[in-house]
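Printed here is run-v6.pdb (PDB, C-alpha atoms, pLDDT in the B column):
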ATOM      1  CA  MET A   1       5.550  32.239  -3.050  1.00 48.00           C
ATOM      2  CA  PRO A   2       7.234  30.123  -0.384  1.00 53.00           C
ATOM      3  CA  ALA A   3       8.259  26.609  -1.359  1.00 54.00           C
ATOM      4  CA  THR A   4       6.126  23.820  -0.005  1.00 77.00           C
ATOM      5  CA  ASP A   5       7.712  20.709   1.380  1.00 88.00           C
ATOM      6  CA  PRO A   6       7.004  17.638  -0.735  1.00 95.00           C
ATOM      7  CA  PHE A   7       4.507  14.952   0.244  1.00 96.00           C
ATOM      8  CA  THR A   8       6.784  12.094   1.373  1.00 97.00           C
ATOM      9  CA  LEU A   9       6.495   8.482   2.533  1.00 98.00           C
ATOM     10  CA  GLN A  10       8.989   6.486   4.605  1.00 97.00           C
ATOM     11  CA  SER A  11       9.320   3.151   6.371  1.00 97.00           C
ATOM     12  CA  ASP A  12      11.878   1.993   8.915  1.00 95.00           C
ATOM     13  CA  ALA A  13      11.139  -1.679   8.191  1.00 93.00           C
ATOM     14  CA  THR A  14      11.523  -1.387   4.418  1.00 93.00           C
ATOM     15  CA  PRO A  15      13.272   1.833   3.375  1.00 92.00           C
ATOM     16  CA  SER A  16      12.976   3.117  -0.174  1.00 93.00           C
ATOM     17  CA  GLY A  17      15.320   1.312  -2.558  1.00 92.00           C
ATOM     18  CA  SER A  18      15.952  -1.550  -0.144  1.00 93.00           C
ATOM     19  CA  ILE A  19      15.267  -5.257  -0.269  1.00 94.00           C
ATOM     20  CA  VAL A  20      11.838  -5.987   1.257  1.00 95.00           C
ATOM     21  CA  ALA A  21      12.405  -6.794   4.935  1.00 94.00           C
ATOM     22  CA  PRO A  22      12.035 -10.481   5.860  1.00 94.00           C
ATOM     23  CA  GLN A  23       9.130  -9.742   8.216  1.00 95.00           C
ATOM     24  CA  GLN A  24       7.125  -8.361   5.252  1.00 95.00           C
ATOM     25  CA  LEU A  25       7.474 -11.587   3.225  1.00 96.00           C
ATOM     26  CA  VAL A  26       4.800 -14.284   3.196  1.00 94.00           C
ATOM     27  CA  GLU A  27       5.315 -17.151   5.618  1.00 94.00           C
ATOM     28  CA  ALA A  28       6.156 -19.554   2.747  1.00 93.00           C
ATOM     29  CA  LEU A  29       9.339 -17.494   2.242  1.00 94.00           C
ATOM     30  CA  GLY A  30      10.157 -17.450   5.962  1.00 93.00           C
ATOM     31  CA  GLY A  31       8.485 -14.108   6.643  1.00 95.00           C
ATOM     32  CA  GLU A  32       5.845 -12.962   9.089  1.00 96.00           C
ATOM     33  CA  ASN A  33       3.547 -11.430   6.454  1.00 97.00           C
ATOM     34  CA  LEU A  34       3.440  -8.081   8.280  1.00 97.00           C
ATOM     35  CA  SER A  35       2.715  -4.839   6.479  1.00 97.00           C
ATOM     36  CA  PRO A  36       5.599  -2.402   6.892  1.00 97.00           C
ATOM     37  CA  ASP A  37       5.389   0.605   9.160  1.00 97.00           C
ATOM     38  CA  LEU A  38       4.592   3.687   7.087  1.00 98.00           C
ATOM     39  CA  ARG A  39       4.744   7.387   7.899  1.00 98.00           C
ATOM     40  CA  TRP A  40       4.026  10.334   5.679  1.00 98.00           C
ATOM     41  CA  THR A  41       4.372  14.086   5.883  1.00 97.00           C
ATOM     42  CA  ASN A  42       3.202  17.220   4.090  1.00 97.00           C
ATOM     43  CA  ALA A  43      -0.084  16.036   2.634  1.00 97.00           C
ATOM     44  CA  PRO A  44      -1.583  18.618   0.297  1.00 96.00           C
ATOM     45  CA  GLU A  45      -4.122  21.171   1.411  1.00 96.00           C
ATOM     46  CA  GLY A  46      -7.649  19.830   1.113  1.00 97.00           C
ATOM     47  CA  THR A  47      -6.767  16.265   2.164  1.00 98.00           C
ATOM     48  CA  ARG A  48      -9.740  14.693   3.949  1.00 98.00           C
ATOM     49  CA  SER A  49      -8.585  11.044   3.964  1.00 98.00           C
ATOM     50  CA  PHE A  50      -5.813   8.719   2.816  1.00 98.00           C
ATOM     51  CA  ALA A  51      -5.517   5.411   1.016  1.00 98.00           C
ATOM     52  CA  VAL A  52      -2.576   2.994   1.001  1.00 98.00           C
ATOM     53  CA  THR A  53      -1.620   0.566  -1.741  1.00 98.00           C
ATOM     54  CA  CYS A  54       1.118  -1.972  -2.421  1.00 98.00           C
ATOM     55  CA  TYR A  55       1.594  -3.119  -6.004  1.00 98.00           C
ATOM     56  CA  ASP A  56       4.018  -5.438  -7.834  1.00 98.00           C
ATOM     57  CA  PRO A  57       4.207  -4.277 -11.472  1.00 97.00           C
ATOM     58  CA  ASP A  58       6.547  -7.168 -12.345  1.00 97.00           C
ATOM     59  CA  ALA A  59       4.168 -10.038 -11.571  1.00 95.00           C
ATOM     60  CA  PRO A  60       3.701 -12.299 -14.616  1.00 93.00           C
ATOM     61  CA  THR A  61      -0.020 -11.602 -14.892  1.00 93.00           C
ATOM     62  CA  GLY A  62      -0.141  -8.975 -17.618  1.00 89.00           C
ATOM     63  CA  SER A  63      -1.562  -6.509 -15.090  1.00 92.00           C
ATOM     64  CA  GLY A  64       0.732  -6.741 -12.069  1.00 96.00           C
ATOM     65  CA  PHE A  65      -0.294  -7.941  -8.608  1.00 97.00           C
ATOM     66  CA  TRP A  66      -2.021  -5.971  -5.836  1.00 98.00           C
ATOM     67  CA  HIS A  67      -0.779  -6.856  -2.337  1.00 98.00           C
ATOM     68  CA  TRP A  68      -2.706  -4.237  -0.375  1.00 98.00           C
ATOM     69  CA  ILE A  69      -5.499  -1.746  -0.934  1.00 98.00           C
ATOM     70  CA  ALA A  70      -6.654   0.176   2.149  1.00 98.00           C
ATOM     71  CA  TRP A  71      -8.672   3.389   2.361  1.00 98.00           C
ATOM     72  CA  ASP A  72     -10.740   5.799   4.429  1.00 97.00           C
ATOM     73  CA  LEU A  73      -7.904   6.589   6.828  1.00 97.00           C
ATOM     74  CA  PRO A  74      -8.802   9.907   8.496  1.00 97.00           C
ATOM     75  CA  ALA A  75      -6.913  13.022   7.378  1.00 97.00           C
ATOM     76  CA  THR A  76      -5.338  13.226  10.839  1.00 97.00           C
ATOM     77  CA  THR A  77      -3.510   9.940  10.202  1.00 97.00           C
ATOM     78  CA  THR A  78       0.199  10.325   9.445  1.00 97.00           C
ATOM     79  CA  SER A  79       1.417   6.774  10.006  1.00 98.00           C
ATOM     80  CA  LEU A  80       0.546   3.103  10.159  1.00 97.00           C
ATOM     81  CA  PRO A  81       2.303   0.677  12.494  1.00 97.00           C
ATOM     82  CA  LEU A  82       4.117  -2.478  11.525  1.00 97.00           C
ATOM     83  CA  GLY A  83       1.609  -5.278  10.942  1.00 97.00           C
ATOM     84  CA  VAL A  84      -1.767  -3.611  10.368  1.00 97.00           C
ATOM     85  CA  PRO A  85      -4.336  -6.313  11.272  1.00 96.00           C
ATOM     86  CA  ARG A  86      -6.665  -7.565   8.556  1.00 94.00           C
ATOM     87  CA  ASP A  87      -9.639  -6.588  10.732  1.00 93.00           C
ATOM     88  CA  ASP A  88      -8.390  -3.110  11.753  1.00 92.00           C
ATOM     89  CA  ALA A  89     -11.553  -0.997  12.114  1.00 90.00           C
ATOM     90  CA  SER A  90      -9.717   2.307  11.538  1.00 90.00           C
ATOM     91  CA  LEU A  91      -9.588   1.694   7.780  1.00 93.00           C
ATOM     92  CA  LYS A  92     -11.230  -0.355   5.042  1.00 97.00           C
ATOM     93  CA  GLN A  93      -9.228  -3.057   3.269  1.00 97.00           C
ATOM     94  CA  ALA A  94     -10.059  -4.862   0.045  1.00 97.00           C
ATOM     95  CA  LEU A  95      -9.380  -8.439  -0.910  1.00 97.00           C
ATOM     96  CA  ASN A  96      -5.910  -8.422  -2.467  1.00 97.00           C
ATOM     97  CA  ASP A  97      -4.827 -10.557  -5.431  1.00 97.00           C
ATOM     98  CA  PHE A  98      -4.168 -13.484  -3.070  1.00 96.00           C
ATOM     99  CA  GLY A  99      -7.903 -13.325  -2.316  1.00 96.00           C
ATOM    100  CA  LEU A 100      -7.327 -12.244   1.293  1.00 96.00           C
ATOM    101  CA  ARG A 101      -8.358  -9.041   3.032  1.00 96.00           C
ATOM    102  CA  GLY A 102      -5.527  -6.703   3.962  1.00 97.00           C
ATOM    103  CA  TYR A 103      -1.795  -6.976   3.360  1.00 98.00           C
ATOM    104  CA  ASP A 104       0.025 -10.003   2.028  1.00 97.00           C
ATOM    105  CA  GLY A 105       3.716  -9.759   1.283  1.00 96.00           C
ATOM    106  CA  PRO A 106       5.917 -10.655  -1.626  1.00 96.00           C
ATOM    107  CA  GLN A 107       5.932 -14.184  -3.001  1.00 94.00           C
ATOM    108  CA  PRO A 108       7.342 -13.820  -6.518  1.00 94.00           C
ATOM    109  CA  PRO A 109       8.265 -16.790  -8.666  1.00 93.00           C
ATOM    110  CA  PRO A 110      11.997 -17.562  -9.022  1.00 93.00           C
ATOM    111  CA  GLY A 111      13.759 -15.289 -11.471  1.00 93.00           C
ATOM    112  CA  ALA A 112      14.232 -11.588 -11.928  1.00 95.00           C
ATOM    113  CA  PRO A 113      13.706  -9.192  -9.013  1.00 96.00           C
ATOM    114  CA  HIS A 114      10.233  -7.766  -8.480  1.00 97.00           C
ATOM    115  CA  ARG A 115       9.477  -4.186  -7.459  1.00 97.00           C
ATOM    116  CA  TYR A 116       6.994  -3.503  -4.657  1.00 98.00           C
ATOM    117  CA  GLN A 117       5.531  -0.010  -4.806  1.00 98.00           C
ATOM    118  CA  PHE A 118       4.130   1.212  -1.499  1.00 98.00           C
ATOM    119  CA  SER A 119       1.993   4.334  -1.956  1.00 98.00           C
ATOM    120  CA  VAL A 120      -0.058   6.737   0.117  1.00 98.00           C
ATOM    121  CA  HIS A 121      -2.754   8.665  -1.700  1.00 98.00           C
ATOM    122  CA  ALA A 122      -4.197  11.958  -0.365  1.00 98.00           C
ATOM    123  CA  LEU A 123      -7.917  12.206  -1.107  1.00 98.00           C
ATOM    124  CA  PRO A 124     -10.322  15.171  -1.042  1.00 98.00           C
ATOM    125  CA  VAL A 125     -13.165  13.118   0.495  1.00 98.00           C
ATOM    126  CA  GLU A 126     -13.641  11.573   3.935  1.00 97.00           C
ATOM    127  CA  SER A 127     -14.760   8.316   2.336  1.00 97.00           C
ATOM    128  CA  ILE A 128     -14.469   6.933  -1.172  1.00 97.00           C
ATOM    129  CA  GLU A 129     -17.807   5.180  -0.558  1.00 97.00           C
ATOM    130  CA  VAL A 130     -16.632   1.751  -1.750  1.00 97.00           C
ATOM    131  CA  ASP A 131     -17.787  -1.459  -0.088  1.00 96.00           C
ATOM    132  CA  PRO A 132     -14.775  -3.565   0.999  1.00 94.00           C
ATOM    133  CA  GLU A 133     -16.585  -6.600  -0.436  1.00 94.00           C
ATOM    134  CA  SER A 134     -16.403  -5.079  -3.930  1.00 95.00           C
ATOM    135  CA  PRO A 135     -13.562  -6.152  -6.219  1.00 95.00           C
ATOM    136  CA  HIS A 136     -10.511  -4.023  -5.444  1.00 96.00           C
ATOM    137  CA  ILE A 137     -10.705  -2.353  -8.855  1.00 96.00           C
ATOM    138  CA  ALA A 138     -13.649  -0.330  -7.495  1.00 97.00           C
ATOM    139  CA  ALA A 139     -11.521   1.038  -4.648  1.00 97.00           C
ATOM    140  CA  ARG A 140      -8.525   1.611  -6.911  1.00 97.00           C
ATOM    141  CA  PHE A 141     -10.663   3.490  -9.439  1.00 98.00           C
ATOM    142  CA  ALA A 142     -12.061   5.736  -6.701  1.00 98.00           C
ATOM    143  CA  ILE A 143      -8.591   6.325  -5.244  1.00 98.00           C
ATOM    144  CA  PHE A 144      -6.720   7.022  -8.475  1.00 97.00           C
ATOM    145  CA  SER A 145      -9.452   9.116 -10.081  1.00 97.00           C
ATOM    146  CA  GLN A 146      -9.834  11.414  -7.050  1.00 97.00           C
ATOM    147  CA  GLN A 147      -6.377  11.679  -5.507  1.00 97.00           C
ATOM    148  CA  LEU A 148      -4.999  15.133  -4.834  1.00 97.00           C
ATOM    149  CA  ALA A 149      -1.472  13.706  -4.720  1.00 97.00           C
ATOM    150  CA  SER A 150       0.361  10.499  -3.973  1.00 97.00           C
ATOM    151  CA  THR A 151       3.768   9.609  -2.614  1.00 98.00           C
ATOM    152  CA  ASP A 152       5.514   6.276  -2.827  1.00 97.00           C
ATOM    153  CA  PHE A 153       8.666   4.282  -2.455  1.00 97.00           C
ATOM    154  CA  THR A 154       9.821   1.087  -4.078  1.00 97.00           C
ATOM    155  CA  ALA A 155      11.563  -1.902  -2.523  1.00 97.00           C
ATOM    156  CA  ARG A 156      12.630  -5.090  -4.275  1.00 97.00           C
ATOM    157  CA  TYR A 157      12.614  -8.809  -3.658  1.00 97.00           C
ATOM    158  CA  GLN A 158      13.924 -11.746  -5.659  1.00 96.00           C
ATOM    159  CA  VAL A 159      13.622 -15.492  -5.299  1.00 93.00           C
ATOM    160  CA  THR A 160      16.609 -17.281  -6.803  1.00 87.00           C
ATOM    161  CA  GLY A 161      16.984 -20.912  -7.740  1.00 72.00           C
TER     162      GLY A 161
END
Please go through the file and, once you have read it, give me the structure as structure tokens.
Amino acid sequence: MPATDPFTLQSDATPSGSIVAPQQLVEALGGENLSPDLRWTNAPEGTRSFAVTCYDPDAPTGSGFWHWIAWDLPATTTSLPLGVPRDDASLKQALNDFGLRGYDGPQPPPGAPHRYQFSVHALPVESIEVDPESPHIAARFAIFSQQLASTDFTARYQVTG
């Protein structure tokens, strides 16, 4: 059988393994609070939609911190631009752990570096049938329990002092 190319995710603004770009940080840290540009390739056969998440597993909450949960991107989508608006009608976005719809960037407490995991999830359904007004756990459950595959990269950010 021929080898299949892996499902991959990249960003020019915040490459894998980098420090989160200043424009992705919240305004309180001097940023612009813009979601990074994302592009992905080689989604698995049977993909009918995508979801995007950004998660900080190092947040001192006992369960991490969700910065972005978006879903119902059509299967023809292979990228998102820098700064996806909170009211973008081409996808659904949940309230994040800041209590705001859409993306909000890093704002860790001073101390050790935090990891920010940006992921794209390939889904076998056109819609996960979750109301954006529901708590984001409903969307995350639908995404993670149905995904055909996911791809991600991690960037870091640290507040010192």
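Across A:Ala155, A:Leu73, A:Cys54, A:Val120, the tightest approach to A:Asn96 is made by A:Cys54 when counting all atoms listed in the file.
Applied to this file, the PyMOL selection byres ((chain A and resi 44) around 10) selects Thr4, Asp5, Pro6, Phe7, Thr41, Asn42, Ala43, Glu45, Gly46, Thr47, Arg48, Ala122, Leu123, Pro124, Leu148, Ala149 and Ser150 of chain A.
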Produce a file of the selected residues containing C-alpha atoms, as a short mmCIF file (atom, residue, chain, number, x, y, z; two decimals), in the coordinates of the input.
data_model
loop_
_atom_site.label_atom_id
_atom_site.label_comp_id
_atom_site.auth_asym_id
_atom_site.auth_seq_id
_atom_site.Cartn_x
_atom_site.Cartn_y
_atom_site.Cartn_z
CA THR A 4 6.13 23.82 0.00
CA ASP A 5 7.71 20.71 1.38
CA PRO A 6 7.00 17.64 -0.74
CA PHE A 7 4.51 14.95 0.24
CA THR A 41 4.37 14.09 5.88
CA ASN A 42 3.20 17.22 4.09
CA ALA A 43 -0.08 16.04 2.63
CA GLU A 45 -4.12 21.17 1.41
CA GLY A 46 -7.65 19.83 1.11
CA THR A 47 -6.77 16.26 2.16
CA ARG A 48 -9.74 14.69 3.95
CA ALA A 122 -4.20 11.96 -0.36
CA LEU A 123 -7.92 12.21 -1.11
CA PRO A 124 -10.32 15.17 -1.04
CA LEU A 148 -5.00 15.13 -4.83
CA ALA A 149 -1.47 13.71 -4.72
CA SER A 150 0.36 10.50 -3.97
#
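Remark: for A:Gly161, the closest of the candidate residues A:Ser63, A:Gly111, A:Ser127, A:Ile137 is A:Gly111 (distances computed over all atoms listed in the file).
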> Hey, what comes out of the PyMOL selection byres ((chain A and resi 159) around 6) on this file? Could you write it as a count of residues only?
Replying inline: 3
>> For the PyMOL selection byres ((chain A and resi 152) around 9), applied here, can you spell out every residue it catches as a ChimeraX atom specification?
In response: /A:8-10,16,117-121,150-151,153-154
>> Residues within 12 Å of A:Pro113, please, as a ChimeraX atom specification. Count all atoms listed in the file; anything in the same chain fewer than 4 positions from it doesn't count.
In response: /A:18-20,56-60,106-109,155-160
Stretch 5-92 of chain A residues near stretch 99-103 of chain A within 10 Å, closest pair each, using only C-alpha atoms, as a Markdown table:
| residue | atom | partner | partner_atom | distance |
| --- | --- | --- | --- | --- |
| A:Gln24 | CA | A:Tyr103 | CA | 9.2 |
| A:Val26 | CA | A:Tyr103 | CA | 9.8 |
| A:Asn33 | CA | A:Tyr103 | CA | 7.6 |
| A:Leu34 | CA | A:Tyr103 | CA | 7.3 |
| A:Ser35 | CA | A:Tyr103 | CA | 5.9 |
| A:Pro36 | CA | A:Tyr103 | CA | 9.4 |
| A:Thr53 | CA | A:Tyr103 | CA | 9.1 |
| A:Cys54 | CA | A:Tyr103 | CA | 8.2 |
| A:Trp66 | CA | A:Tyr103 | CA | 9.3 |
| A:His67 | CA | A:Tyr103 | CA | 5.8 |
| A:Trp68 | CA | A:Tyr103 | CA | 4.7 |
| A:Ile69 | CA | A:Gly102 | CA | 7.0 |
| A:Ala70 | CA | A:Gly102 | CA | 7.2 |
| A:Gly83 | CA | A:Tyr103 | CA | 8.5 |
| A:Val84 | CA | A:Tyr103 | CA | 7.8 |
| A:Pro85 | CA | A:Gly102 | CA | 7.4 |
| A:Arg86 | CA | A:Gly102 | CA | 4.8 |
| A:Asp87 | CA | A:Gly102 | CA | 7.9 |
| A:Asp88 | CA | A:Gly102 | CA | 9.0 |
| A:Lys92 | CA | A:Gly102 | CA | 8.6 |
> Interatomic distance between atom CA of A:Ala51 and atom CA of A:Pro132?
Replying inline: 12.9 Å
> atom CA of A:Trp71 to atom CA of A:His114: how many Å, to one decimal?
Replying inline: 24.5 Å
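Of the residues under consideration (A:Ser90, A:Thr14, A:Thr78, A:Ser134), A:Thr14 shows the shortest atom-to-atom contact distance to A:Tyr116 when counting all atoms listed in the file.
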> Separation of atom CA of A:Ala75 and atom CA of A:Ser49, in Å?
Replying inline: 4.3 Å
> In terms of the shortest atom-to-atom distance over only C-alpha atoms, which of A:Phe65, A:Thr76, A:Leu82, A:Gly17 is closest to A:His136?
Replying inline: A:Phe65
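Using all atoms listed in the file, the shortest contact distance between A:Ala94 and any of A:Val130, A:Ala28, A:Ala13, A:Val125 is found at A:Val130.
Here the question is which of A:Gln147, A:Ser11, A:Gln93, A:Gln23 gets nearest to A:Phe50 using only C-alpha atoms, and that residue is A:Gln147.
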File output for stretch 92-116 of chain A (N, CA, C and O atoms) as a tab-separated table (two decimals), in the first residue's frame:
chain	number	residue	atom	x	y	z
A	92	LYS	N	-18.84	27.82	14.31
A	92	LYS	CA	-19.44	28.06	15.62
A	92	LYS	C	-18.32	28.12	16.64
A	92	LYS	O	-17.35	27.37	16.55
A	93	GLN	N	-18.46	29.03	17.63
A	93	GLN	CA	-17.44	29.20	18.65
A	93	GLN	C	-18.09	29.24	20.02
A	93	GLN	O	-19.07	29.94	20.23
A	94	ALA	N	-17.52	28.47	20.94
A	94	ALA	CA	-18.04	28.40	22.30
A	94	ALA	C	-17.48	29.54	23.15
A	94	ALA	O	-16.51	30.20	22.77
A	95	LEU	N	-18.08	29.71	24.31
A	95	LEU	CA	-17.49	30.58	25.32
A	95	LEU	C	-16.25	29.86	25.84
A	95	LEU	O	-16.31	28.68	26.20
A	96	ASN	N	-15.12	30.56	25.85
A	96	ASN	CA	-13.88	29.96	26.36
A	96	ASN	C	-13.83	30.10	27.89
A	96	ASN	O	-14.80	30.56	28.51
A	97	ASP	N	-12.72	29.73	28.49
A	97	ASP	CA	-12.63	29.80	29.95
A	97	ASP	C	-12.49	31.22	30.49
A	97	ASP	O	-12.59	31.43	31.70
A	98	PHE	N	-12.31	32.20	29.62
A	98	PHE	CA	-12.39	33.61	30.03
A	98	PHE	C	-13.86	34.05	30.10
A	98	PHE	O	-14.15	35.13	30.57
A	99	GLY	N	-14.76	33.22	29.55
A	99	GLY	CA	-16.17	33.56	29.50
A	99	GLY	C	-16.55	34.36	28.27
A	99	GLY	O	-17.62	34.95	28.22
A	100	LEU	N	-15.67	34.35	27.26
A	100	LEU	CA	-15.90	35.11	26.03
A	100	LEU	C	-15.98	34.16	24.85
A	100	LEU	O	-15.30	33.13	24.81
A	101	ARG	N	-16.78	34.51	23.87
A	101	ARG	CA	-16.91	33.68	22.67
A	101	ARG	C	-15.68	33.87	21.79
A	101	ARG	O	-15.18	34.95	21.61
A	102	GLY	N	-15.18	32.75	21.26
A	102	GLY	CA	-14.05	32.82	20.34
A	102	GLY	C	-12.71	32.68	21.04
A	102	GLY	O	-12.61	32.13	22.13
A	103	TYR	N	-11.68	33.19	20.36
A	103	TYR	CA	-10.30	33.06	20.83
A	103	TYR	C	-9.93	34.16	21.80
A	103	TYR	O	-10.26	35.33	21.58
A	104	ASP	N	-9.25	33.77	22.86
A	104	ASP	CA	-8.54	34.71	23.74
A	104	ASP	C	-7.18	34.11	24.02
A	104	ASP	O	-7.05	32.92	24.30
A	105	GLY	N	-6.16	34.93	23.92
A	105	GLY	CA	-4.79	34.45	24.00
A	105	GLY	C	-4.27	34.20	25.40
A	105	GLY	O	-4.97	34.37	26.40
A	106	PRO	N	-3.00	33.81	25.45
A	106	PRO	CA	-2.36	33.51	26.71
A	106	PRO	C	-2.35	34.70	27.67
A	106	PRO	O	-2.16	35.85	27.28
A	107	GLN	N	-2.54	34.36	28.94
A	107	GLN	CA	-2.41	35.31	30.04
A	107	GLN	C	-2.08	34.52	31.31
A	107	GLN	O	-2.82	34.55	32.29
A	108	PRO	N	-0.96	33.78	31.27
A	108	PRO	CA	-0.63	32.94	32.43
A	108	PRO	C	-0.15	33.78	33.60
A	108	PRO	O	0.32	34.90	33.42
A	109	PRO	N	-0.25	33.22	34.80
A	109	PRO	CA	0.32	33.92	35.95
A	109	PRO	C	1.85	33.88	35.86
A	109	PRO	O	2.41	33.03	35.16
A	110	PRO	N	2.55	34.76	36.57
A	110	PRO	CA	4.02	34.69	36.58
A	110	PRO	C	4.49	33.33	37.06
A	110	PRO	O	3.86	32.71	37.92
A	111	GLY	N	5.60	32.88	36.49
A	111	GLY	CA	6.15	31.59	36.90
A	111	GLY	C	6.62	30.77	35.72
A	111	GLY	O	7.09	31.31	34.73
A	112	ALA	N	6.42	29.49	35.84
A	112	ALA	CA	6.89	28.54	34.83
A	112	ALA	C	6.19	28.78	33.49
A	112	ALA	O	5.06	29.29	33.45
A	113	PRO	N	6.85	28.40	32.39
A	113	PRO	CA	6.22	28.54	31.08
A	113	PRO	C	4.95	27.68	30.97
A	113	PRO	O	4.85	26.64	31.61
A	114	HIS	N	4.02	28.15	30.17
A	114	HIS	CA	2.80	27.41	29.88
A	114	HIS	C	2.85	26.97	28.43
A	114	HIS	O	3.35	27.68	27.56
A	115	ARG	N	2.27	25.79	28.17
A	115	ARG	CA	2.16	25.26	26.81
A	115	ARG	C	0.77	25.57	26.28
A	115	ARG	O	-0.22	25.44	26.99
A	116	TYR	N	0.72	25.96	25.01
A	116	TYR	CA	-0.55	26.26	24.34
A	116	TYR	C	-0.65	25.31	23.15
A	116	TYR	O	0.14	25.37	22.22
